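Peer 1: Starting off with a structure, shown below.
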Amino acid sequence: MTVGDSVSSSAPRRTTVAGVFGLFGLVAGLCAILALFATVADWRDEAAQARWPVVSALIERDDVDPHRVSQSDGGGTVWQLRYRVRYEAEGERVATLSSRSARSDEEVAKLRAWAAQHRRGGHVDVRYDPAQPGRAVFASADVPNAGPRTGTDLQLLMLAATACVGLLALARHLQSKEASAPAAAAGSLSPGGRLAMGLGVAAMGFLVMGLGVHSALHATHALTSEDFIGVLAATIFVFGGALLALPPGRAGLQRLLGVLLVTTFALTLDWVAFGPGTRQFGGGISSGTIGIGLHPGEIFGRTVFGIGAVVLDIVAAVMWVRLIRQPRVDPG
């Protein structure tokens, strides 16, 4: 065995851009698998609800309720229908019905228009669970943001599957380029350009962190963990910017920043998936009066984020173990 072979075998492996894209491609693939199971579960529940008996219910309360959303869940105000109804189902029953949350002006306008036609003292059709007669849902197909979730689930499933295929294909392409041209894999940015870009990303993280702390300290309610989760998420940009700006030859510091970056990312997903309180998962594209909204259920959203959180937890734990066991060998 030659000296060159000994050095190459003992040298620590360097994390590559292709490896990072490959890792996130695998995470997206696992999310797609979990999304498939969640889609099937939602479809099964909706198929069961379609067989529930339909009765006419008296409206006792009709509201379009606004709710403030924490910064960690996107901030702003969301709206939802909230009705209390009374109906006959093996005796007199009272149930509270609600729609999914709406953000865009178009969606809120639809909620208000429907509520204007269904006032207190009127009637609305509901489906109730024969096994639990006090459990009911809207029966009318025209109730905004209260229809089946399976369509949205399928869109998210396709999005995760597409991201998986795209990221893995990109990782394979970058891997071939890194193998054929190792010198070009470091990127075309000059050290000064990398420093400027890294400082810019880190500065954005510090700005978001400052805004999060200011918002939390000026909150009118008792402080909770969700008031500061944005600060944790902002550290992802701080560590990422520092890693990008780091000059060559600082392998030990590079490994430490990489571990901290993955750890903060994992902790952020942990809070979203497993933290206390309710979660509102939603998004979409809007332009003028046209909007496309995505409103997956809380269980679906927690499941998708949860699989990513567990994977990153394992990756972070392995990275910490390797970092602690890694001998400190710096170039002399």
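Identifiers in this document derive from the order of the structure tokens: chains are assigned A, B, ..., residues are numbered from 1 separately in each chain, and ligands are numbered from 1 in order of occurrence.
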Residues near range 199-205 of chain A, anyone? I mean within 9 Å using only C-alpha atoms, not counting same-chain ones fewer than 6 positions away, as a list of chain:residue names.
Peer 2: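 Here the answer would be A:Val231, A:Ala233, A:Ala234, A:Thr235, A:Ile236, A:Phe237, A:Val238, A:Phe239, A:Gly240, A:Gly241, A:Ala242, A:Leu244, A:Ala245.
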Peer 1: From a DSSP calculation on the backbone, collect every residue of range 16-203 of chain A in strand (DSSP E or B) and output the set as a ChimeraX atom specification.
Peer 2: /A:54-68,77-88,92-98,102,123-129,132-138
Peer 1: Would you please work out which residue, of A:Ala196, A:Leu58, A:Val78, A:Leu157, is nearest to Leu30 in chain A when using only C-alpha atoms?
Peer 2: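 Selected residue with least distance to Leu30 in chain A: A:Leu157.
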Peer 1: Residues near Gly122 in chain A, anyone? I mean within 9 Å using only C-alpha atoms, not counting same-chain ones fewer than 6 positions away, as a PyMOL selection string.
Peer 2: chain A and resi 57-60
Peer 1: Atoms to include: N, CA, C and O atoms. Write the selected residues as a JSON list (two decimals), in the first residue's frame.
Peer 2:
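Saved as result-v9.json:
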```json
[["chain", "number", "residue", "atom", "x", "y", "z"],
["A", 57, "ALA", "N", -80.68, 20.44, 10.56],
["A", 57, "ALA", "CA", -80.33, 20.94, 11.89],
["A", 57, "ALA", "C", -80.68, 22.42, 12.00],
["A", 57, "ALA", "O", -80.56, 23.18, 11.04],
["A", 58, "LEU", "N", -81.13, 22.80, 13.20],
["A", 58, "LEU", "CA", -81.44, 24.20, 13.49],
["A", 58, "LEU", "C", -80.16, 24.95, 13.85],
["A", 58, "LEU", "O", -79.38, 24.49, 14.70],
["A", 59, "ILE", "N", -79.94, 26.09, 13.22],
["A", 59, "ILE", "CA", -78.74, 26.89, 13.49],
["A", 59, "ILE", "C", -78.97, 27.72, 14.74],
["A", 59, "ILE", "O", -79.86, 28.57, 14.78],
["A", 60, "GLU", "N", -78.17, 27.48, 15.77],
["A", 60, "GLU", "CA", -78.27, 28.27, 17.01],
["A", 60, "GLU", "C", -77.22, 29.38, 17.07],
["A", 60, "GLU", "O", -77.41, 30.37, 17.77]]
```
Peer 1: Which residue is closest to Trp320 in chain A? Choose from A:Pro66, A:Arg51, A:Gly192, A:Leu256 and count only C-alpha atoms.
Peer 2: A:Leu256
Peer 1: Which distance in Å separates CA of Leu260 in chain A and CA of Val208 in chain A, to one decimal?
Peer 2: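 So the two atoms, CA of Leu260 in chain A and CA of Val208 in chain A, lie 18.1 Å apart.
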Peer 1: How far is it from CA of Val311 in chain A to CA of Arg172 in chain A, in Å with one decimal?
Peer 2: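 That distance, rounded to one decimal, is 20.8 Å.
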Peer 1: Point out the residue among A:Ala131, A:Leu257, A:Ala102, A:Ala146 with the least atom-to-atom distance to Ala48 in chain A, counting only C-alpha atoms.
Peer 2: A:Ala131
Peer 1: Between CA of Gln132 in chain A and CA of Asp42 in chain A, what is the distance in Å, rounded to a tenth?
Peer 2: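 Straight-line distance from CA of Gln132 in chain A to CA of Asp42 in chain A works out to 18.8 Å.
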Peer 1: Leu34 in chain A: which residues within 8 Å, counting only C-alpha atoms, same-chain residues fewer than 4 positions away excluded, as an mmCIF file with C-alpha atoms, in the first residue's frame?
Peer 2:
```
data_model
loop_
_atom_site.group_PDB
_atom_site.id
_atom_site.type_symbol
_atom_site.label_atom_id
_atom_site.label_comp_id
_atom_site.auth_asym_id
_atom_site.auth_seq_id
_atom_site.Cartn_x
_atom_site.Cartn_y
_atom_site.Cartn_z
ATOM 1 C CA LEU A 30 -40.186 9.271 2.708
ATOM 2 C CA ALA A 38 -52.348 9.779 4.918
ATOM 3 C CA THR A 303 -47.421 13.307 9.672
ATOM 4 C CA VAL A 304 -45.555 14.742 6.693
ATOM 5 C CA ILE A 307 -41.299 11.858 9.009
#
```
Peer 1: Rank nothing, just name the residue among A:Val40, A:Val262, A:Val321, A:Val27 nearest to Gly151 in chain A, using only C-alpha atoms.
Peer 2: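 Comparing A:Val40, A:Val262, A:Val321, A:Val27 against Gly151 in chain A, the winner is A:Val40.
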Peer 1: Pick out the closest residue to Leu246 in chain A from this set: A:Met209, A:Ile314, A:Val137, A:Leu195. Count only C-alpha atoms.
Peer 2: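 For Leu246 in chain A, the nearest of the given residues is A:Leu195.
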